[in-house]
Each structure stands twice: as structure tokens, then as C-alpha cells.
>>> print(open('upload-v2.txt').read())   # compact mmCIF, C-alpha atoms and all ligand atoms
# COMPACT_ATOMS: atom_id res chain seq x y z
CA MET A 1 0.00 0.00 0.00
CA HIS A 2 2.92 2.31 0.60
CA GLU A 3 4.15 1.93 -2.98
CA PRO A 4 2.66 3.74 -6.01
CA ALA A 5 1.25 1.95 -9.04
CA GLY A 6 4.07 0.74 -11.25
CA TYR A 7 6.66 1.05 -8.50
CA GLU A 8 8.88 -1.59 -10.12
CA LEU A 9 9.17 0.25 -13.45
CA ALA A 10 12.23 2.19 -12.31
CA THR A 11 14.22 -1.04 -12.22
CA SER A 12 12.45 -2.97 -15.00
CA ILE A 13 12.48 -0.29 -17.71
CA PRO A 14 16.28 -0.33 -18.19
CA VAL A 15 15.91 -4.04 -18.94
CA THR A 16 12.65 -4.05 -20.94
CA ARG A 17 13.75 -1.22 -23.25
CA ARG A 18 16.69 -3.39 -24.44
CA ALA A 19 14.86 -6.72 -24.53
CA THR A 20 13.92 -8.40 -27.81
CA VAL A 21 11.60 -11.03 -26.26
CA PRO A 22 8.02 -10.36 -25.06
CA ARG A 23 8.30 -8.20 -21.99
CA LEU A 24 6.07 -8.50 -18.90
CA VAL A 25 6.14 -6.04 -16.00
CA THR A 26 4.32 -6.09 -12.66
CA GLY A 27 4.03 -3.84 -9.62
CA ARG A 28 0.74 -2.86 -7.99
CA PHE A 29 -1.09 -2.01 -11.20
CA ARG A 30 -4.76 -1.62 -10.34
CA THR A 31 -6.56 -0.66 -13.53
CA LEU A 32 -6.43 -1.48 -17.22
CA GLU A 33 -5.85 2.20 -17.86
CA GLU A 34 -2.62 2.09 -15.84
CA ALA A 35 -1.56 -1.04 -17.72
CA ASP A 36 -2.40 0.58 -21.05
CA THR A 37 -0.24 3.58 -20.23
CA VAL A 38 2.82 1.36 -19.73
CA ILE A 39 2.23 -0.55 -22.96
CA ARG A 40 1.63 2.62 -24.99
CA ALA A 41 4.88 4.05 -23.65
CA GLY A 42 6.69 1.01 -25.09
CA ASP A 43 7.98 -0.12 -21.71
CA ALA A 44 6.33 -3.56 -21.87
CA ASP A 45 4.18 -5.80 -24.05
CA LEU A 46 2.28 -7.27 -21.12
CA VAL A 47 1.34 -6.00 -17.67
CA GLY A 48 0.60 -8.46 -14.89
CA LEU A 49 -2.29 -7.61 -12.56
CA MET A 50 -2.66 -10.13 -9.76
CA ARG A 51 -4.38 -8.52 -6.80
CA ALA A 52 -6.58 -6.36 -9.02
CA HIS A 53 -8.16 -9.57 -10.40
CA ILE A 54 -8.63 -11.02 -6.91
CA ALA A 55 -10.39 -7.86 -5.75
CA ASP A 56 -12.65 -7.87 -8.80
CA PRO A 57 -12.63 -10.88 -11.15
CA ASP A 58 -14.78 -8.83 -13.55
CA ILE A 59 -12.19 -6.09 -13.99
CA VAL A 60 -11.80 -6.79 -17.71
CA LYS A 61 -15.51 -7.29 -18.38
CA LYS A 62 -16.51 -4.08 -16.58
CA THR A 63 -13.76 -2.02 -18.18
CA VAL A 64 -14.41 -3.26 -21.71
CA ALA A 65 -18.12 -2.57 -21.17
CA GLY A 66 -17.22 1.06 -20.53
CA HIS A 67 -17.61 1.05 -16.76
CA PRO A 68 -14.15 1.10 -15.18
CA GLU A 69 -15.64 3.02 -12.24
CA ARG A 70 -17.57 -0.10 -11.27
CA VAL A 71 -14.39 -2.14 -10.80
CA ARG A 72 -13.98 -2.91 -7.09
CA PRO A 73 -10.55 -1.54 -6.19
CA CYS A 74 -7.76 -3.57 -4.63
CA ILE A 75 -6.47 -1.54 -1.70
CA ALA A 76 -3.07 -3.29 -1.68
CA CYS A 77 -3.49 -4.41 1.93
CA ASN A 78 -2.34 -8.04 1.48
CA GLN A 79 -4.57 -9.01 4.41
CA GLY A 80 -6.78 -11.48 2.56
CA CYS A 81 -4.61 -12.69 -0.31
CA LEU A 82 -1.03 -13.00 0.88
CA ALA A 83 -1.81 -13.21 4.59
CA GLY A 84 -4.64 -15.62 3.82
CA ILE A 85 -2.30 -18.11 2.23
CA LYS A 86 0.25 -17.78 5.00
CA GLY A 87 -2.29 -17.73 7.85
CA PRO A 88 -4.31 -20.40 9.63
CA ALA A 89 -7.04 -20.38 6.95
CA ASN A 90 -4.39 -21.53 4.47
CA ARG A 91 -6.37 -20.25 1.51
CA ILE A 92 -6.60 -17.12 -0.51
CA GLY A 93 -9.17 -14.49 0.39
CA CYS A 94 -9.63 -10.79 -0.16
CA THR A 95 -10.42 -7.94 2.17
CA VAL A 96 -12.69 -6.18 -0.31
CA ASN A 97 -14.09 -9.21 -2.19
CA ALA A 98 -15.92 -11.48 0.24
CA GLY A 99 -16.22 -14.20 -2.39
CA ALA A 100 -12.51 -14.57 -3.18
CA GLY A 101 -11.46 -18.14 -2.44
CA LEU A 102 -15.08 -19.11 -1.70
CA GLU A 103 -16.41 -18.87 -5.24
CA LEU A 104 -18.65 -21.94 -4.98
CA LYS A 105 -20.75 -20.38 -2.24
CA LEU A 106 -20.13 -16.62 -2.06
CA GLY A 107 -19.56 -13.65 -4.31
CA ASP A 108 -21.20 -11.20 -6.66
CA HIS A 109 -21.50 -13.85 -9.39
CA LEU A 110 -23.92 -15.80 -7.16
CA LEU A 111 -26.25 -12.89 -6.36
CA LYS A 112 -29.62 -13.75 -7.85
CA PRO A 113 -32.40 -11.18 -8.36
CA VAL A 114 -35.26 -11.66 -5.91
CA SER A 115 -38.82 -12.20 -7.08
CA LYS A 116 -40.36 -10.41 -4.08
CA PRO A 117 -38.31 -7.35 -3.05
CA ARG A 118 -38.27 -6.67 0.68
CA ARG A 119 -37.81 -3.40 2.52
CA VAL A 120 -34.43 -3.51 4.27
CA LEU A 121 -33.24 -1.05 6.91
CA ILE A 122 -29.50 -0.93 7.56
CA VAL A 123 -28.22 1.05 10.52
CA GLY A 124 -24.62 2.15 10.09
CA GLY A 125 -22.79 3.32 6.97
CA GLY A 126 -19.33 1.87 7.57
CA PRO A 127 -17.90 -0.85 5.31
CA ALA A 128 -20.10 -3.61 6.79
CA GLY A 129 -23.31 -1.62 6.42
CA MET A 130 -22.45 -0.36 2.95
CA GLU A 131 -21.54 -3.83 1.70
CA ALA A 132 -24.80 -5.21 3.12
CA ALA A 133 -26.68 -2.38 1.38
CA ARG A 134 -24.84 -2.90 -1.91
CA VAL A 135 -25.50 -6.63 -1.98
CA ALA A 136 -29.15 -6.40 -0.92
CA ALA A 137 -29.81 -3.62 -3.46
CA THR A 138 -28.02 -5.59 -6.20
CA ARG A 139 -30.53 -8.38 -5.64
CA GLY A 140 -33.42 -5.94 -6.04
CA HIS A 141 -34.40 -5.21 -2.44
CA LYS A 142 -35.45 -1.70 -1.47
CA VAL A 143 -32.74 -0.58 0.93
CA THR A 144 -32.52 2.33 3.35
CA LEU A 145 -29.12 3.06 4.91
CA LEU A 146 -28.85 5.25 8.03
CA GLU A 147 -25.57 6.88 9.07
CA ALA A 148 -25.11 8.98 12.20
CA GLU A 149 -22.17 10.92 10.72
CA PRO A 150 -22.47 13.43 7.88
CA ALA A 151 -20.49 11.06 5.62
CA LEU A 152 -20.31 7.34 4.90
CA GLY A 153 -17.18 5.29 5.54
CA GLY A 154 -17.05 4.55 9.26
CA ARG A 155 -13.68 3.83 10.81
CA ILE A 156 -11.99 3.60 7.41
CA ARG A 157 -12.37 7.35 7.03
CA MET A 158 -10.07 7.70 10.02
CA ALA A 159 -7.68 4.90 9.15
CA SER A 160 -7.05 6.36 5.71
CA LYS A 161 -5.70 9.58 7.27
CA ALA A 162 -2.52 7.87 8.47
CA PRO A 163 0.67 8.23 6.40
CA THR A 164 0.73 5.83 3.39
CA ARG A 165 -2.82 4.55 4.22
CA ALA A 166 -4.89 6.78 1.93
CA THR A 167 -5.64 3.80 -0.33
CA MET A 168 -7.76 2.29 2.45
CA GLY A 169 -10.37 4.88 1.53
CA ASP A 170 -10.65 3.58 -2.05
CA ILE A 171 -12.93 0.75 -1.00
CA THR A 172 -15.31 2.87 1.07
CA GLN A 173 -15.48 5.44 -1.74
CA TRP A 174 -16.32 2.65 -4.17
CA LEU A 175 -18.96 1.20 -1.84
CA GLU A 176 -20.48 4.65 -1.42
CA GLN A 177 -20.58 5.17 -5.18
CA GLU A 178 -22.22 1.76 -5.65
CA VAL A 179 -24.93 2.22 -3.03
CA TYR A 180 -25.94 5.52 -4.61
CA ARG A 181 -25.80 4.01 -8.12
CA LEU A 182 -28.06 1.16 -6.99
CA GLY A 183 -30.64 3.57 -5.62
CA VAL A 184 -30.17 2.94 -1.91
CA ASP A 185 -32.00 5.54 0.18
CA VAL A 186 -29.01 6.96 2.10
CA ARG A 187 -29.83 9.14 5.12
CA LEU A 188 -26.76 10.89 6.52
CA SER A 189 -26.47 12.69 9.88
CA THR A 190 -29.23 10.41 11.11
CA PHE A 191 -28.52 9.11 14.57
CA VAL A 192 -31.18 6.72 15.82
CA ASP A 193 -31.73 5.01 19.14
CA PRO A 194 -33.40 1.62 19.58
CA ALA A 195 -36.86 3.13 20.08
CA GLU A 196 -36.55 5.13 16.87
CA VAL A 197 -35.52 2.06 14.90
CA LEU A 198 -38.52 0.17 16.23
CA ALA A 199 -40.78 3.11 15.33
CA MET A 200 -39.28 3.31 11.82
CA GLN A 201 -39.75 -0.40 11.37
CA HIS A 202 -43.42 0.02 12.23
CA ASP A 203 -44.06 3.31 10.38
CA GLU A 204 -42.12 2.62 7.19
CA GLY A 205 -42.77 -1.11 7.05
CA PHE A 206 -39.29 -2.50 6.98
CA ASP A 207 -39.19 -6.26 6.65
CA ASP A 208 -35.56 -6.69 7.72
CA VAL A 209 -33.09 -4.79 9.85
CA ILE A 210 -29.31 -5.15 9.64
CA VAL A 211 -27.34 -3.53 12.45
CA ALA A 212 -23.86 -2.32 11.48
CA THR A 213 -23.28 0.24 14.20
CA GLY A 214 -19.58 -0.45 14.66
CA SER A 215 -17.60 -0.10 17.85
CA THR A 216 -15.91 2.56 19.96
CA PRO A 217 -12.54 2.66 21.75
CA ARG A 218 -12.50 1.04 25.20
CA MET A 219 -10.85 3.81 27.20
CA ASP A 220 -10.73 2.11 30.58
CA GLY A 221 -6.96 1.70 31.05
CA ILE A 222 -7.23 -2.06 31.45
CA GLN A 223 -4.42 -3.99 29.79
CA VAL A 224 -4.83 -7.62 28.79
CA SER A 225 -1.53 -8.67 30.37
CA ASN A 226 -2.43 -7.30 33.80
CA PRO A 227 -6.20 -6.80 33.91
CA GLY A 228 -6.30 -6.47 37.69
CA GLU A 229 -4.03 -3.44 37.64
CA PRO A 230 -5.64 -0.68 35.53
CA ILE A 231 -3.25 2.12 34.58
CA ARG A 232 -3.12 4.68 37.38
CA GLY A 233 -3.79 8.26 36.28
CA PHE A 234 -5.51 7.04 33.10
CA ARG A 235 -8.41 9.48 33.11
CA GLN A 236 -6.66 12.68 32.09
CA PRO A 237 -7.15 15.00 29.10
CA HIS A 238 -3.79 14.06 27.59
CA VAL A 239 -4.68 10.34 27.49
CA LEU A 240 -6.21 9.78 24.06
CA SER A 241 -7.66 7.06 21.88
CA SER A 242 -6.50 6.72 18.29
CA TRP A 243 -9.82 8.28 17.30
CA ASP A 244 -9.14 11.37 19.42
CA LEU A 245 -5.86 11.77 17.60
CA MET A 246 -7.15 11.16 14.09
CA LEU A 247 -10.32 13.22 14.41
CA ASP A 248 -8.60 16.35 15.70
CA ASP A 249 -5.46 17.28 13.79
CA ARG A 250 -5.23 20.70 15.47
CA ARG A 251 -4.89 19.33 19.00
CA SER A 252 -1.71 20.44 20.79
CA LEU A 253 0.35 17.29 21.39
CA GLY A 254 3.67 18.36 22.93
CA ARG A 255 6.97 16.76 21.99
CA ALA A 256 6.91 13.20 23.31
CA ALA A 257 4.23 10.50 23.13
CA LEU A 258 3.72 7.12 24.73
CA VAL A 259 1.83 4.65 22.52
CA ILE A 260 0.34 1.65 24.36
CA ASP A 261 -0.55 -1.10 21.91
CA GLU A 262 -2.84 -3.82 23.16
CA THR A 263 -4.00 -5.17 19.78
CA GLY A 264 -0.88 -6.05 17.79
CA HIS A 265 -2.56 -4.81 14.59
CA PHE A 266 -1.61 -1.87 12.38
CA GLU A 267 -3.48 0.79 14.36
CA ALA A 268 -0.60 1.55 16.74
CA VAL A 269 1.83 1.71 13.82
CA ALA A 270 -0.42 4.20 12.04
CA VAL A 271 -0.69 6.26 15.22
CA THR A 272 3.09 6.21 15.65
CA GLU A 273 3.61 7.46 12.12
CA MET A 274 1.02 10.21 12.54
CA LEU A 275 2.75 11.37 15.71
CA GLN A 276 6.17 11.31 14.08
CA VAL A 277 4.92 13.33 11.13
CA ARG A 278 3.68 15.90 13.66
CA GLY A 279 7.16 16.10 15.15
CA LEU A 280 6.82 13.97 18.29
CA SER A 281 9.20 11.33 19.55
CA VAL A 282 7.44 8.06 20.35
CA THR A 283 7.90 5.43 23.03
CA TYR A 284 5.98 2.36 21.86
CA ILE A 285 5.10 -0.33 24.39
CA THR A 286 3.16 -3.52 23.80
CA ARG A 287 2.29 -6.73 25.59
CA HIS A 288 3.33 -8.56 22.39
CA THR A 289 6.83 -9.71 21.49
CA GLY A 290 7.03 -7.55 18.39
CA ILE A 291 5.44 -4.67 16.52
CA ALA A 292 2.10 -5.41 14.86
CA PRO A 293 2.44 -9.22 14.86
CA GLN A 294 -1.06 -9.54 13.35
CA MET A 295 0.21 -7.83 10.22
CA GLU A 296 3.28 -9.99 9.62
CA GLY A 297 1.54 -12.07 6.95
CA ALA A 298 0.50 -8.93 5.08
CA LEU A 299 4.14 -7.79 4.82
CA MET A 300 3.31 -4.37 6.26
CA VAL A 301 5.63 -4.33 9.25
CA GLU A 302 9.09 -4.15 7.66
CA PRO A 303 8.27 -1.19 5.39
CA ALA A 304 6.61 0.58 8.32
CA LEU A 305 9.67 0.03 10.50
CA GLN A 306 11.89 1.44 7.77
CA ARG A 307 9.77 4.61 7.67
CA ILE A 308 9.60 4.87 11.45
CA ARG A 309 13.32 4.34 11.88
CA ALA A 310 14.16 6.86 9.17
CA ARG A 311 12.17 9.58 10.95
CA GLY A 312 14.00 8.89 14.22
CA GLY A 313 12.94 9.49 17.81
CA PHE A 314 11.46 6.03 18.27
CA THR A 315 11.91 3.64 21.20
CA PHE A 316 10.31 0.20 21.39
CA HIS A 317 9.65 -1.95 24.47
CA PRO A 318 8.13 -5.43 23.91
CA ARG A 319 6.34 -7.34 26.69
CA THR A 320 5.79 -4.04 28.46
CA ARG A 321 2.79 -2.33 30.04
CA ALA A 322 2.00 1.06 31.53
CA VAL A 323 1.76 1.30 35.30
CA SER A 324 0.90 4.96 35.80
CA ILE A 325 0.55 8.22 33.89
CA ASP A 326 1.58 11.61 35.21
CA GLN A 327 1.95 15.06 33.65
CA GLY A 328 4.73 14.76 31.05
CA THR A 329 5.86 11.29 32.05
CA ALA A 330 4.61 7.73 32.47
CA VAL A 331 5.92 4.71 34.32
CA ILE A 332 6.25 1.45 32.40
CA ALA A 333 7.17 -2.06 33.52
CA PRO A 334 7.55 -5.58 32.14
CA THR A 335 4.23 -7.41 31.73
CA TYR A 336 5.62 -10.44 33.54
CA LEU A 337 6.33 -8.65 36.83
CA LYS A 338 4.02 -7.20 39.43
CA ALA A 339 4.35 -3.42 39.82
CA GLU A 340 6.24 -3.91 43.04
CA GLY A 341 8.55 -6.41 41.35
CA GLY A 342 11.05 -3.83 40.16
CA LEU A 343 12.43 -3.08 36.66
CA LEU A 344 10.25 0.02 36.35
CA ALA A 345 11.20 2.88 34.04
CA THR A 346 9.96 6.44 33.58
CA VAL A 347 9.46 7.61 29.98
CA PRO A 348 8.54 11.02 28.53
CA ALA A 349 4.84 11.31 27.71
CA ASP A 350 3.29 14.69 26.95
CA ILE A 351 0.46 12.62 25.52
CA VAL A 352 -0.48 8.96 25.82
CA VAL A 353 -2.36 7.08 23.08
CA PHE A 354 -4.09 3.91 24.33
CA ILE A 355 -4.95 1.36 21.64
CA SER A 356 -7.03 -1.55 22.83
CA PRO A 357 -9.72 -3.80 21.36
CA ASN A 358 -12.85 -1.73 20.92
CA ARG A 359 -16.24 -2.19 22.52
CA SER A 360 -19.19 -3.14 20.28
CA ASN A 361 -22.12 -0.75 19.83
CA ARG A 362 -24.88 -3.33 20.30
CA ASP A 363 -27.70 -1.32 21.90
CA ILE A 364 -29.94 -1.30 18.85
CA TYR A 365 -29.39 -4.98 18.13
CA ASP A 366 -30.04 -6.03 21.72
CA ALA A 367 -33.21 -3.92 21.94
CA LEU A 368 -34.62 -5.30 18.70
CA ARG A 369 -33.80 -8.86 19.72
CA ALA A 370 -35.54 -8.32 23.03
CA GLN A 371 -38.64 -7.22 21.10
CA GLY A 372 -38.50 -10.41 19.09
CA ALA A 373 -37.77 -8.51 15.88
CA GLY A 374 -35.94 -10.21 13.01
CA VAL A 375 -32.55 -8.56 12.97
CA ARG A 376 -29.01 -9.33 11.82
CA ILE A 377 -25.80 -7.87 13.20
CA VAL A 378 -22.57 -7.45 11.21
CA GLY A 379 -19.04 -6.11 11.49
CA ASP A 380 -17.64 -4.48 14.61
CA ALA A 381 -21.11 -4.21 16.14
CA ASN A 382 -21.08 -7.99 16.22
CA SER A 383 -17.54 -8.21 17.57
CA PRO A 384 -14.76 -5.66 17.07
CA ARG A 385 -12.38 -6.92 14.39
CA TYR A 386 -11.08 -5.53 11.12
CA LEU A 387 -12.03 -4.63 7.57
CA PRO A 388 -12.01 -8.16 6.04
CA THR A 389 -14.59 -9.48 8.50
CA ALA A 390 -16.69 -6.32 8.26
CA ILE A 391 -17.06 -6.66 4.50
CA SER A 392 -17.50 -10.42 4.63
CA GLU A 393 -20.29 -10.24 7.21
CA GLY A 394 -21.94 -7.35 5.38
CA HIS A 395 -21.91 -9.37 2.17
CA ARG A 396 -23.37 -12.46 3.82
CA ALA A 397 -26.13 -10.45 5.49
CA GLY A 398 -27.05 -8.67 2.26
CA ALA A 399 -27.05 -11.96 0.36
CA SER A 400 -29.23 -13.73 2.92
CA VAL A 401 -32.15 -11.25 2.96
S1 LIG B 501 -6.63 -8.75 0.13
FE1 LIG B 501 -6.09 -6.58 -0.13
S2 LIG B 501 -4.22 -6.65 -1.40
FE2 LIG B 501 -5.13 -8.66 -1.55
S3 LIG B 501 -6.37 -8.53 -3.41
FE3 LIG B 501 -7.73 -8.03 -1.71
S4 LIG B 501 -7.67 -5.80 -1.49
FE4 LIG B 501 -5.94 -6.42 -2.80
>>> encode(input="upload-v2.txt", output="C-alpha cells", more="lines below")
Ligand code: SF4
Amino acid sequence: MHEPAGYELATSIPVTRRATVPRLVTGRFRTLEEADTVIRAGDADLVGLMRAHIADPDIVKKTVAGHPERVRPCIACNQGCLAGIKGPANRIGCTVNAGAGLELKLGDHLLKPVSKPRRVLIVGGGPAGMEAARVAATRGHKVTLLEAEPALGGRIRMASKAPTRATMGDITQWLEQEVYRLGVDVRLSTFVDPAEVLAMQHDEGFDDVIVATGSTPRMDGIQVSNPGEPIRGFRQPHVLSSWDLMLDDRRSLGRAALVIDETGHFEAVAVTEMLQVRGLSVTYITRHTGIAPQMEGALMVEPALQRIRARGGFTFHPRTRAVSIDQGTAVIAPTYLKAEGGLLATVPADIVVFISPNRSNRDIYDALRAQGAGVRIVGDANSPRYLPTAISEGHRAGASV
């Protein structure tokens, strides 16, 4: 994701320009237009697109039909394809294409038009809700999509603000474009509580409700390694979630930050890079043995470490937790020792960013279930995880209506 389209051309062109055999180049090409540009320039006879075909097997068909804008974009995350093969699933998948690797039972090619359209209400316009809306509308259902914020996109809108992560937003932009193209009734800036959803269901006659209300940061200072010892001094204005940081880029941050990573995913890396770009030094502590171990299979960690190291001002402590937070400093300690066990250290911390598994927003789902209403729940609202599961669950819910 950190490389531009055609990033290998700089090294392949000196070879391909001299070659007299058919020449094939590769390197994060996403569209036929990008491939065409290389061929027209005489730098290759063939351009290999691998991930672009996984993200949308109909890339050629849609482009040749004159609709390149309908091609579902690969976001170059490697989470489903490369990490899928290397991971416990041991099969290829795709973050943006729920059907990849499951073509016999899932995917756009299996979406059949319905004979009796139903009225479907979807609460939450993040990736899970938008994918559910897209799939249900593709099948011919009449879909209404509610979003509390003034824009669609959910957490991905924030994630795409981090350095080198802008491409994350390509998939939510595409989903947004598709739900409007398919005629989904999108209602922005529409926060609803459980009673209002029940009233809407009654007044507007919705047959099905899909809850995709996401999750919110769990700012309680409890660390998985030492749950009985919450961080002392946690509730202070300079202790932030990643959302606080990403949503307010004018906040005064000081010169030194402590990043506490509980998840082992990319979020703490993105936060670190954002802080570095804003001129802060970063002390990064985690209960894990390394940085972002969940992203090893996606090959994101090494390039991120190169960027982080090049900026400087970065200190890493594995198997470490925070004990207490003060003004300008924090005390850290090994996860495997009690606070009184020694080996404590004081680190600079004008701000502290706490990154932990989120808490699901399940109020609407629980209330509707209690009323006996037919309701599905998808994405982080179901259980806080990441983009691949959000889109997969959204797809399955939309396909099952
Ligand atoms: S998993 Fe990510 S990188 Fe791989 S094909 Fe899908 S969107 Fe592209």
C-alpha cells in the first residue's frame, strides 16, 4: 500500500527497453488504464495484474463494457490474499471481495435477483453496512441506509488519514458510489436510538433490519496482560484514543508521546507514524513480542519500521505495560512482573495514546432482539475486528435477505 502503481518500473524499464523477447512487468497495477499507459509508452508488451483480479474478477468485463468506475478496487493491503495463504485459513481471500477463495458459495456472481423485493433497513454506513446495502440492493431489495455521521465510511475514514494509508479509503469510496448508483435511500447525519428504529420499522414497514453500528474505543486503562491493575492516572485529558488523535489534527500534542498497543494490529503503527509526522518522539510499548504481529503475513511491518526508523525518535519496548501516567511522564514495567517487582522505568509522555480492542455498539441490536424482531448484526457491532470481516459479514447479510 505504501508503494505507487508501477513502482517496479524504475528497475524494470532499463531491462525491458533493451529486450527483444516479449516483456512482462508487474508492480501494484490496479486498472487497465494504468496497464495501457505502460504498454503505450513502449515499456512492456504485457502488464501483470494479480491482486486487481482477486479484488474484482470482472475487472476486464466491466472495463471493456465502458464502466471502469464499477471495478472494485484492490487496496493493496495483502490481508486477505497473501496473509490468507500464510495464515491459519491456508487459503486465498480478499479484504474487499468477500467471495474470493469461496467462489462456490459466495460472491457477486452468485447474487440472484429476488422475485419479491423486501424493505431492508441498515443502521450504520461503515464498510459492513455499505456492503450489506450494496448486496441487498443488487438483488433488487429496497434498501434504506442510516448513518449517524455526515459522511459514509465509518472507521476507514479515520484509518485512511494515516501516512501511506490513503488507499484504504478507495474501498469505502467505491462502496459509497455503488450504493448511490443502486438507488439505496441513504440518510446521513441520522442518529437513531433503539426506540426510533422500532418506530421506523413500524411506520415505514421495513421487513428486515441489519445492524452495522460499529464499535468505539474502550478507554478504561485495562491492559490484557495485567487486567487487575488498571493504569493509574488514566483518566486525564492528555490520554487519548487513536480516534481522538485522528479526528482532531489541530490538538496540541507536545513533543513526546507514549503509545500503548494492546491489539498487535496496524493501528498503533499508524498512530506512531502520525505522531512522528507531527514532530513527536514516540515510546511504543506492547504486551506482544514484536510490533504489529497480526500484520506480519501482510508484509506491512518491515516497510513501516523502515519509515519509522528513518524519521527517528522512536523507542520500542516489547512485553511491556504502563503502570501509571503523570503530567509529562509515564511509568512502564515488564508485563511479567508485578508493579512492586522492580524493573520500572519512567518515559517522557506529553500525551499517551491507548490502543485496545474496541467495545461493540450493540444497543440497537439487543433492543430489537428483546422485542422479538428479526434482525441481523454485522461487522464491529457484532464483535470488534477488522475490515475483512466487516465486509464479509456485510456481504453475507445482504445476500441472505
Ligand atoms: S486482500 Fe487486499 S491486497 Fe489482496 S487482493 Fe484483496 S484488497 Fe488487494
>>> atom_distance(input="upload-v2.txt", atom1="atom CA of Leu305 of chain A", atom2="atom CA of Thr289 of chain A")
15.0 Å
>>> residues_near_ligand(input="upload-v2.txt", ligand="ligand LIG 501 (chain B)", cutoff="7 Å", atoms="only C-alpha atoms and all ligand atoms", output="PyMOL selection string")
chain A and resi 51-52+54-55+73-82+93-97
>>> residues_around(input="upload-v2.txt", residues="segment 227-243 of chain A", least_positions_apart="5", cutoff="10 Å", atoms="all atoms listed in the file", output="ChimeraX atom specification")
/A:155,158-159,216-222,248,252-254,257-260,267-268,270-272,321-328,330-332,338-339,349-356
>>> write_last_selection(input="upload-v2.txt", atoms="C-alpha atoms", output="short mmCIF file (atom, residue, chain, number, x, y, z; two decimals), in the frame of the given file")
data_model
loop_
_atom_site.label_atom_id
_atom_site.label_comp_id
_atom_site.auth_asym_id
_atom_site.auth_seq_id
_atom_site.Cartn_x
_atom_site.Cartn_y
_atom_site.Cartn_z
CA ARG A 155 -13.68 3.83 10.81
CA MET A 158 -10.07 7.70 10.02
CA ALA A 159 -7.68 4.90 9.15
CA THR A 216 -15.91 2.56 19.96
CA PRO A 217 -12.54 2.66 21.75
CA ARG A 218 -12.50 1.04 25.20
CA MET A 219 -10.85 3.81 27.20
CA ASP A 220 -10.73 2.11 30.58
CA GLY A 221 -6.96 1.70 31.05
CA ILE A 222 -7.23 -2.06 31.45
CA ASP A 248 -8.60 16.35 15.70
CA SER A 252 -1.71 20.44 20.79
CA LEU A 253 0.35 17.29 21.39
CA GLY A 254 3.67 18.36 22.93
CA ALA A 257 4.23 10.50 23.13
CA LEU A 258 3.72 7.12 24.73
CA VAL A 259 1.83 4.65 22.52
CA ILE A 260 0.34 1.65 24.36
CA GLU A 267 -3.48 0.79 14.36
CA ALA A 268 -0.60 1.55 16.74
CA ALA A 270 -0.42 4.20 12.04
CA VAL A 271 -0.69 6.26 15.22
CA THR A 272 3.09 6.21 15.65
CA ARG A 321 2.79 -2.33 30.04
CA ALA A 322 2.00 1.06 31.53
CA VAL A 323 1.76 1.30 35.30
CA SER A 324 0.90 4.96 35.80
CA ILE A 325 0.55 8.22 33.89
CA ASP A 326 1.58 11.61 35.21
CA GLN A 327 1.95 15.06 33.65
CA GLY A 328 4.73 14.76 31.05
CA ALA A 330 4.61 7.73 32.47
CA VAL A 331 5.92 4.71 34.32
CA ILE A 332 6.25 1.45 32.40
CA LYS A 338 4.02 -7.20 39.43
CA ALA A 339 4.35 -3.42 39.82
CA ALA A 349 4.84 11.31 27.71
CA ASP A 350 3.29 14.69 26.95
CA ILE A 351 0.46 12.62 25.52
CA VAL A 352 -0.48 8.96 25.82
CA VAL A 353 -2.36 7.08 23.08
CA PHE A 354 -4.09 3.91 24.33
CA ILE A 355 -4.95 1.36 21.64
CA SER A 356 -7.03 -1.55 22.83
#
>>> closest_residue(input="upload-v2.txt", among="A:Arg250, A:Arg307, A:Arg287, A:His202", to="Asn226 of chain A", atoms="all atoms listed in the file")
A:Arg287
>>> closest_residue(input="upload-v2.txt", among="A:Arg139, A:His109, A:His288, A:Arg72", to="Gln223 of chain A", atoms="only C-alpha atoms")
A:His288
>>> atom_distance(input="upload-v2.txt", atom1="atom CA of Leu46 of chain A", atom2="atom CA of His2 of chain A")
23.7 Å
>>> closest_residue(input="upload-v2.txt", among="A:Val60, A:Ala137, A:Ala304, A:Leu106", to="Arg119 of chain A", atoms="all atoms listed in the file")
A:Ala137
>>> atom_distance(input="upload-v2.txt", atom1="atom CA of Thr283 of chain A", atom2="atom CA of Arg251 of chain A")
19.3 Å
>>> closest_residue(input="upload-v2.txt", among="A:Arg30, A:Ala19, A:Phe266, A:Val375", to="Arg165 of chain A", atoms="all atoms listed in the file")
A:Phe266
>>> residues_around(input="upload-v2.txt", residues="Gly398 of chain A", least_positions_apart="6", cutoff="8 Å", atoms="only C-alpha atoms", output="list in words")
Glu131, Ala132, Ala133, Arg134, Val135 and Ala136 of chain A
>>> axis_aligned_box(input="upload-v2.txt", around="segment 31-41 of chain A", padding_each_side="4 Å", output="JSON")
{"center_x": -0.8, "center_y": 1.3, "center_z": -19.3, "size_x": 19.4, "size_y": 13.5, "size_z": 19.5}
>>> closest_residue(input="upload-v2.txt", among="A:Ser12, A:Ser189, A:Gln294, A:Ser392", to="Asp380 of chain A", atoms="all atoms listed in the file")
A:Ser392
